[in-house]
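Colleague: One structure, as structure tokens, below. Some questions next.
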Amino acid sequence: MVIGLSAGTDRVAHVGRVVLVAGLWAGAGAAQAQARVLDAFEDPAPRRVVTSNQVSGALRQVDGAGGRALCLEYDFNGVSGYAGIQRDLPLEFPENYRFAFQLRGDSPANDLQFKLLDASGDNVWWVNRPRFDFPVDWTPVRYRQRHISKAWGPDPDKVLRRSAKLEFTIYNNAGGAGSVCFDALTFEPLPADPATPPSAVSAQATAAPEAAALAIDGDLATALQGTRQAETCARPRVGARIRWSAPALVRDRQAACALRDFAGAGGRRTLEGSAARRPGRGDTDWIALPEAEARRIALDFDGGSYALAEAEVQPLSFSAHPNEFMKAVAADLPRGWLPRGFSGEQPYWTIVGIDGGGEQGLVGEDGAVEVARGGFSIEPFVLEQGRLLSWADVRTGQGLRPGGIPLPNVTWTATDAGDRAPALLDVLAFAQGTPEDSRLVTRYRLTNPHDAPRDYTLALAVRPLQVNPPSQFLNTVGGVSRIASLSITGSVVEVDGRARVFATGRPDAAFATPFEAGLEVQRLAGNDVPAVTRVEDPTGLASGMLLYRWRLAPGETREVALVAPLTGPAHAVNGFDPGGFDLEASVRQAEARWQDLLGQVRLRRRRRRPGVLRHGAHRAGAHAGLADRRAAAAGHALVFAQLDPRWGDDLRRPAAAGPARGGARIPRVVCAPPVRQRQGAVLRRRPRQ
């Protein structure tokens with residue numbers, strides 16, 4: 001059976017993949033202006049290379065997609081920063097337009113940024129593509145007006161009306177060195193997008209045509225029902241929300257799907273990316289594909305019975321970005337099934353890493369842990385006697401280890417429990433190792449706080465979502481973090497073909513699921529745990545879970561830890577043994593390390609001698625006089641200082657000059673005003689030569 005959704009006269013659909021831009025828009029019907037070439041990249045003369053400190057860059061001419069092209073050769077030289085090509089190019093912008101250019105590269109997955117600057121250079125608009133997969137061959141890239149947003153600048157006007165400079169930038173994300181080549185930059189005015197959101201204005205069906213309108217009548221109580229014929233199954237991938245009635249919950253678990261586009265006089269064609277096996281789950285399917293165009297979209301069903309309650313065409317904002325798409329999904333799910341940042345709530349987080357390390361993780365206020373900058377996350381859920389608990393169903397708390405040791409932990413406590421009640425779940429995150437070879441350790445401790453035995457499942461979800469919220473958009477874009485392939489084998493989680501997480505205890509069960517088969521939390525809540533542990537998902541929204549099923553006596557506690565490499569090679573190839581991992585010893589070592597770092601230097605002012613500080617931690621009896629005694633006169637009784645590790649530990653070393661007493665040269669001591677009975681100071685000395 002085929003159902004056709006028509007967008008009405010002169011309406012045009014922009015369709016494409018789930019992770020990029022999607023939606024159905026009406027065309028204005030006006031003829032488009034001819035695209036004009038802004039830059040053929042034949043001559044490097046109009047351009048200049050712009051780099052941040054210690055980053056190198058140079059231009060090289062090569063054969064292009066047509067004629068000559070230019071390549072940016074860059075090297076980050078082990079530091080953060082950027083390298084780019086900039087040129088003066090004044091432009092005036094209509095209401096709607098499109099840039100296009102040819103691109104290829106031999107480059108790590110660094111960020112690709114397309115920037116437009118005003119005459120001052122202070123106001124910048126951009127398209128930012130984090131961790132860009134640079135194609136080896138010449139590939140067309142297109143940016144529409146809706147892709148370009150205000151990045152920063154003092155001008156309160158967010159609309160790009162004119163620009164003076166244009167820049168292509170490679171920003172450090174993966175680091176390293178590479179080459180990115182550009183050719184044939186064009187600019188094309190487009191008809192304005194319609195002011196009203198799109199909607200399906202008619203529906204036709206090859207079977208039961210008289211009932212087709214039930215699929216678009218806005219009433220979930222009515223449904224178009226029937227039996228699928230042995231054709232192709234295609235759900236509309238046009239920025240759509242498909243709602244099924246109860247009979248659909250038993251529809252085929254694996255239905256072959258292909259999108260049919262009835263493109264007006266152009267007839268029927270199958271759109272890119274639509275030929276795949278697309279199993280559906282639950283009573284709602286969310287579908288999007290960016291950037292293809294169609295006037296009519298067909299839903300083809302294949303085998304079995306169905307009950308289509310509503311096919312809702314969504315506006316462009318439904319999936320203008322992967323983050324917008326997940327916000328739309330979150331709006332249809334119970335609160336807590338997705339991170340609070342996707343529901344418009346402000347989340348808080350803290351960093352976790354090794355002092356001096358090049359990579360860090362994040363732990364969120366609700367217990368989710370991001371395994372690396374811009375990476376995927378592990379988020380806990382709990383089944384208690386079969387009832388699903390998320391962060392929204394408990395009272396969460398945040399804290400540090402006793403004594404203020406910066407090992408952050410998050411606790412889950414029953415909402416009706418007293419302040420002294422034991423936590424149901426305690427999540428502790430810390431890093432260990434060296435800057436060159438560090439790992440993130442997350443301990444999950446589950447306790448039965450009740451006075452009777454209970455059955456629990458600790459579900460650790462591997463999610464294509466960062467702890468860094470979708471509201472973050474500058475250096476690291478928050479929100480969605482692609483997982484194109486996911487495998488959970490034993491105690492090892494592989495993401496995109498690389499071992500990323502190791503569990504210290506083998507889970508009782510594990511599964512992986514593509515997005516179109518349902519989110520991992522949907523499948524857990526619906527008692528629909530599949531046996532599949534390896535999936536490929538072209539949408540980049542694959543997810544999965546590790547399940548630990550425990551029966552706990554009153555007050556009993558069980559725990560497990562996940563270990564994720566931050567720097568250095570995966571520990572599986574270095575003899576890492578999750579079963580032999582001593583969790584408690586690791587916690588003690590992390591605490592001791594921070595104790596040593598935070599307690600290196602303590603300085604006390606001798607009240608009987610204003611302006612003289614006593615060093616009482618490393619070298620008892622070492623004294624230091626201050627050239628400026630105003631800080632002492634301010635009444636600072638206790639100050640703290642942190643030594644740079646490059647400095648020697650011999651505070652008695654003679655100094656050639658500078659205010660000193662007792663031998664240690666102290667160029668400056670800065671005392672902060674008293675705050676809550678604690679004062680601070682910064683001790684600065686020259687590094688040892």
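Quick note on naming: the chains in the structure tokens go A, B, ... in the order shown, residues restart at 1 in each chain, and ligands are numbered from 1 in order of appearance.
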Which residues are close to segment 93-105 of chain A, i.e. within 6 Å by only C-alpha atoms, leaving aside same-chain residues fewer than 5 positions away? Reply as a list of chain:residue names.

Modeller: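 Counting only the stated atoms, we get A:Phe134, A:Pro135, A:Val136, A:Asp137, A:Trp138, A:Thr139, A:Pro140, A:Val141, A:Arg142, A:Tyr143, A:Arg144, A:Gln145, A:Arg161, A:Arg162, A:Ser179, A:Val180, A:Cys181, A:Phe182, A:Asp183, A:Ala184, A:Leu185, A:Thr186, A:Phe187, A:Glu188, A:Pro189, A:Leu190, A:Ala192.
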
Colleague: As a PyMOL selection string, please: the residues near Gln346 of chain A (cut-off 12 Å, only C-alpha atoms, same-chain neighbours under 6 positions excluded).

Modeller: chain A and resi 339-340+364-366+467-472

Colleague: Please save all heavy atoms of the selected residues as an mmCIF file, in the first residue's frame.

Modeller:
data_model
loop_
_atom_site.group_PDB
_atom_site.id
_atom_site.type_symbol
_atom_site.label_atom_id
_atom_site.label_comp_id
_atom_site.auth_asym_id
_atom_site.auth_seq_id
_atom_site.Cartn_x
_atom_site.Cartn_y
_atom_site.Cartn_z
ATOM 1 N N PRO A 339 18.946 13.808 28.494
ATOM 2 C CA PRO A 339 19.549 14.797 29.387
ATOM 3 C C PRO A 339 18.741 16.087 29.430
ATOM 4 O O PRO A 339 18.112 16.486 28.449
ATOM 5 C CB PRO A 339 20.939 15.020 28.777
ATOM 6 C CG PRO A 339 21.239 13.754 28.047
ATOM 7 C CD PRO A 339 19.919 13.288 27.509
ATOM 8 N N ARG A 340 18.789 16.767 30.571
ATOM 9 C CA ARG A 340 17.952 17.943 30.786
ATOM 10 C C ARG A 340 18.257 19.079 29.806
ATOM 11 O O ARG A 340 17.400 19.909 29.529
ATOM 12 C CB ARG A 340 18.058 18.423 32.227
ATOM 13 C CG ARG A 340 19.414 18.945 32.645
ATOM 14 C CD ARG A 340 19.367 19.529 34.056
ATOM 15 N NE ARG A 340 19.249 18.515 35.088
ATOM 16 C CZ ARG A 340 18.286 18.514 36.014
ATOM 17 N NH1 ARG A 340 17.369 19.455 36.011
ATOM 18 N NH2 ARG A 340 18.238 17.572 36.932
ATOM 19 N N GLY A 364 28.366 15.224 34.707
ATOM 20 C CA GLY A 364 27.235 16.123 34.835
ATOM 21 C C GLY A 364 26.573 16.008 36.189
ATOM 22 O O GLY A 364 26.792 15.047 36.939
ATOM 23 N N GLU A 365 25.736 16.964 36.489
ATOM 24 C CA GLU A 365 25.090 17.025 37.795
ATOM 25 C C GLU A 365 24.152 15.849 38.042
ATOM 26 O O GLU A 365 23.803 15.555 39.198
ATOM 27 C CB GLU A 365 24.303 18.322 37.939
ATOM 28 C CG GLU A 365 23.169 18.488 36.953
ATOM 29 C CD GLU A 365 22.363 19.741 37.222
ATOM 30 O OE1 GLU A 365 21.785 19.855 38.316
ATOM 31 O OE2 GLU A 365 22.322 20.618 36.344
ATOM 32 N N ASP A 366 23.730 15.151 36.977
ATOM 33 C CA ASP A 366 22.804 14.037 37.132
ATOM 34 C C ASP A 366 23.482 12.675 37.048
ATOM 35 O O ASP A 366 22.806 11.649 37.095
ATOM 36 C CB ASP A 366 21.701 14.130 36.080
ATOM 37 C CG ASP A 366 20.886 15.404 36.215
ATOM 38 O OD1 ASP A 366 20.516 15.746 37.353
ATOM 39 O OD2 ASP A 366 20.636 16.072 35.192
ATOM 40 N N VAL A 467 27.819 15.331 27.674
ATOM 41 C CA VAL A 467 27.416 16.015 28.899
ATOM 42 C C VAL A 467 27.370 17.514 28.626
ATOM 43 O O VAL A 467 26.505 18.234 29.127
ATOM 44 C CB VAL A 467 28.381 15.683 30.053
ATOM 45 C CG1 VAL A 467 28.166 16.613 31.249
ATOM 46 C CG2 VAL A 467 28.204 14.232 30.477
ATOM 47 N N ASN A 468 28.302 17.997 27.827
ATOM 48 C CA ASN A 468 28.294 19.392 27.383
ATOM 49 C C ASN A 468 26.970 19.656 26.674
ATOM 50 O O ASN A 468 26.647 18.995 25.686
ATOM 51 C CB ASN A 468 29.469 19.628 26.433
ATOM 52 C CG ASN A 468 29.765 21.086 26.208
ATOM 53 O OD1 ASN A 468 29.468 21.935 27.042
ATOM 54 N ND2 ASN A 468 30.355 21.393 25.073
ATOM 55 N N PRO A 469 26.166 20.613 27.137
ATOM 56 C CA PRO A 469 24.787 20.725 26.661
ATOM 57 C C PRO A 469 24.693 21.309 25.262
ATOM 58 O O PRO A 469 25.632 21.936 24.753
ATOM 59 C CB PRO A 469 24.153 21.671 27.694
ATOM 60 C CG PRO A 469 25.286 22.505 28.188
ATOM 61 C CD PRO A 469 26.482 21.595 28.200
ATOM 62 N N PRO A 470 23.536 21.145 24.609
ATOM 63 C CA PRO A 470 23.367 21.672 23.246
ATOM 64 C C PRO A 470 23.396 23.190 23.182
ATOM 65 O O PRO A 470 23.554 23.745 22.092
ATOM 66 C CB PRO A 470 21.995 21.129 22.829
ATOM 67 C CG PRO A 470 21.302 20.790 24.095
ATOM 68 C CD PRO A 470 22.363 20.380 25.056
ATOM 69 N N SER A 471 23.263 23.871 24.297
ATOM 70 C CA SER A 471 23.341 25.331 24.288
ATOM 71 C C SER A 471 24.762 25.831 24.062
ATOM 72 O O SER A 471 24.963 26.998 23.707
ATOM 73 C CB SER A 471 22.811 25.897 25.615
ATOM 74 O OG SER A 471 23.503 25.338 26.720
ATOM 75 N N GLN A 472 25.772 24.969 24.236
ATOM 76 C CA GLN A 472 27.159 25.357 23.995
ATOM 77 C C GLN A 472 27.453 25.260 22.497
ATOM 78 O O GLN A 472 27.219 24.218 21.880
ATOM 79 C CB GLN A 472 28.111 24.443 24.770
ATOM 80 C CG GLN A 472 29.580 24.667 24.472
ATOM 81 C CD GLN A 472 30.057 26.039 24.881
ATOM 82 O OE1 GLN A 472 29.607 26.580 25.878
ATOM 83 N NE2 GLN A 472 30.968 26.606 24.122
#

Colleague: Which residues come within 9 Å of Arg534 of chain A, counting only C-alpha atoms, excluding same-chain residues fewer than 2 positions away, as a PDB file with N, CA, C and O atoms, in the first residue's frame?

Modeller:
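Now in selection_34.pdb:
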ATOM      1  N   SER A 485      28.742   3.401  14.692  1.00  0.00           N
ATOM      2  CA  SER A 485      28.749   1.953  14.938  1.00  0.00           C
ATOM      3  C   SER A 485      29.050   1.716  16.403  1.00  0.00           C
ATOM      4  O   SER A 485      29.865   2.415  17.008  1.00  0.00           O
ATOM      5  N   LEU A 486      28.369   0.737  16.973  1.00  0.00           N
ATOM      6  CA  LEU A 486      28.504   0.433  18.396  1.00  0.00           C
ATOM      7  C   LEU A 486      28.524  -1.072  18.584  1.00  0.00           C
ATOM      8  O   LEU A 486      27.706  -1.797  17.999  1.00  0.00           O
ATOM      9  N   SER A 487      29.467  -1.535  19.385  1.00  0.00           N
ATOM     10  CA  SER A 487      29.574  -2.952  19.688  1.00  0.00           C
ATOM     11  C   SER A 487      29.893  -3.122  21.168  1.00  0.00           C
ATOM     12  O   SER A 487      30.766  -2.426  21.697  1.00  0.00           O
ATOM     13  N   ILE A 488      29.173  -4.005  21.830  1.00  0.00           N
ATOM     14  CA  ILE A 488      29.430  -4.327  23.234  1.00  0.00           C
ATOM     15  C   ILE A 488      29.699  -5.822  23.312  1.00  0.00           C
ATOM     16  O   ILE A 488      28.795  -6.646  23.140  1.00  0.00           O
ATOM     17  N   THR A 489      30.951  -6.159  23.526  1.00  0.00           N
ATOM     18  CA  THR A 489      31.372  -7.555  23.571  1.00  0.00           C
ATOM     19  C   THR A 489      31.981  -7.837  24.932  1.00  0.00           C
ATOM     20  O   THR A 489      33.046  -7.304  25.262  1.00  0.00           O
ATOM     21  N   PHE A 511      23.163  -4.708  25.082  1.00  0.00           N
ATOM     22  CA  PHE A 511      22.557  -4.630  23.761  1.00  0.00           C
ATOM     23  C   PHE A 511      22.929  -3.310  23.109  1.00  0.00           C
ATOM     24  O   PHE A 511      23.329  -2.350  23.776  1.00  0.00           O
ATOM     25  N   ALA A 512      22.802  -3.295  21.790  1.00  0.00           N
ATOM     26  CA  ALA A 512      22.993  -2.086  20.994  1.00  0.00           C
ATOM     27  C   ALA A 512      21.775  -1.921  20.103  1.00  0.00           C
ATOM     28  O   ALA A 512      21.139  -2.915  19.715  1.00  0.00           O
ATOM     29  N   THR A 513      21.440  -0.680  19.775  1.00  0.00           N
ATOM     30  CA  THR A 513      20.243  -0.434  18.978  1.00  0.00           C
ATOM     31  C   THR A 513      20.452   0.785  18.085  1.00  0.00           C
ATOM     32  O   THR A 513      21.026   1.779  18.535  1.00  0.00           O
ATOM     33  N   VAL A 532      20.818  -8.219  20.137  1.00  0.00           N
ATOM     34  CA  VAL A 532      21.824  -7.633  19.248  1.00  0.00           C
ATOM     35  C   VAL A 532      22.812  -6.821  20.072  1.00  0.00           C
ATOM     36  O   VAL A 532      22.417  -5.991  20.899  1.00  0.00           O
ATOM     37  N   GLU A 536      25.195  -0.918  13.147  1.00  0.00           N
ATOM     38  CA  GLU A 536      25.651   0.200  12.327  1.00  0.00           C
ATOM     39  C   GLU A 536      24.466   1.140  12.159  1.00  0.00           C
ATOM     40  O   GLU A 536      23.348   0.687  11.886  1.00  0.00           O
TER      41      GLU A 536
END

Colleague: Identify, on the basis of only C-alpha atoms, every residue whose closest approach to Ala564 of chain A does not exceed 8 Å; exclude the query and any residue fewer than 4 positions from it along the same chain; express the result as a VMD selection string.

Modeller: chain A and resid 371 439 to 441 500 to 502

Colleague: I want to know what sits within 12 Å of Leu388 of chain A, based on only C-alpha atoms, with residues of the same chain fewer than 2 positions away left out; could you give that as a JSON list (two decimals) with C-alpha atoms, in the first residue's frame?

Modeller:
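Heads up, here's the output in around.json:
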[["chain", "number", "residue", "atom", "x", "y", "z"],
["A", 334, "PRO", "CA", 9.03, 11.39, 29.62],
["A", 336, "GLY", "CA", 14.51, 12.27, 32.37],
["A", 337, "TRP", "CA", 14.78, 9.90, 29.44],
["A", 380, "PRO", "CA", 22.96, 5.66, 34.44],
["A", 381, "PHE", "CA", 19.40, 4.40, 34.79],
["A", 382, "VAL", "CA", 18.03, 2.08, 37.47],
["A", 383, "LEU", "CA", 15.25, -0.49, 37.35],
["A", 384, "GLU", "CA", 13.85, -0.96, 40.86],
["A", 385, "GLN", "CA", 11.39, -3.84, 41.03],
["A", 386, "GLY", "CA", 10.81, -3.28, 37.31],
["A", 390, "SER", "CA", 16.07, 8.33, 35.75],
["A", 391, "TRP", "CA", 17.57, 11.52, 37.15],
["A", 392, "ALA", "CA", 14.10, 13.08, 37.02],
["A", 393, "ASP", "CA", 12.63, 10.44, 39.36],
["A", 394, "VAL", "CA", 15.10, 10.89, 42.23],
["A", 456, "TYR", "CA", 17.59, -3.97, 40.81],
["A", 457, "THR", "CA", 19.06, -3.46, 37.36],
["A", 458, "LEU", "CA", 21.82, -0.92, 36.98],
["A", 459, "ALA", "CA", 21.60, 0.16, 33.33],
["A", 521, "VAL", "CA", 15.92, 3.80, 27.26],
["A", 522, "GLN", "CA", 12.73, 3.17, 25.26],
["A", 523, "ARG", "CA", 13.67, -0.44, 24.77],
["A", 524, "LEU", "CA", 14.57, -0.88, 28.43],
["A", 525, "ALA", "CA", 11.34, 0.72, 29.62],
["A", 526, "GLY", "CA", 9.30, -1.36, 27.19],
["A", 527, "ASN", "CA", 10.95, -4.61, 28.32]]

Colleague: In terms of the shortest atom-to-atom distance over only C-alpha atoms, which of A:Ala177, A:Ser543, A:His450, A:Gly518 is closest to Leu333 of chain A?

Modeller: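 Once distances to Leu333 of chain A are computed over only C-alpha atoms, the minimum belongs to A:Gly518.
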
Colleague: Would you compute the distance between atom CA of Val462 of chain A and atom CA of Met545 of chain A? Give it in Å to one decimal.

Modeller: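 For atom CA of Val462 of chain A relative to atom CA of Met545 of chain A, the distance reads 5.8 Å.
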
Colleague: Please report the interatomic distance between atom CA of Leu465 of chain A and atom CA of Arg482 of chain A in Å with one decimal.

Modeller: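 Atom CA of Arg482 of chain A lies at a distance of 7.7 Å from atom CA of Leu465 of chain A.
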
Colleague: How far is it from atom CA of Ile148 of chain A to atom CA of Ser56 of chain A, in Å with one decimal?

Modeller: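 These two atoms are separated by 27.4 Å.
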
Colleague: Segment 34-85 of chain A: which residues are strand (DSSP E) by DSSP, as an MDAnalysis selection string?

Modeller: chainID A and resid 36:39 47:51 56:63 68:75 82:85

Colleague: Would you mind telling me which residue in A:Lys150, A:Arg549, A:Gln314, A:Thr350 lies nearest to Leu400 of chain A when using only C-alpha atoms?

Modeller: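 Once distances to Leu400 of chain A are computed over only C-alpha atoms, the minimum belongs to A:Thr350.
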
Colleague: Between A:Gly78, A:Pro507, A:Pro538, A:Gly178, which has the minimum distance to Pro108 of chain A (counting only C-alpha atoms)?

Modeller: A:Gly178
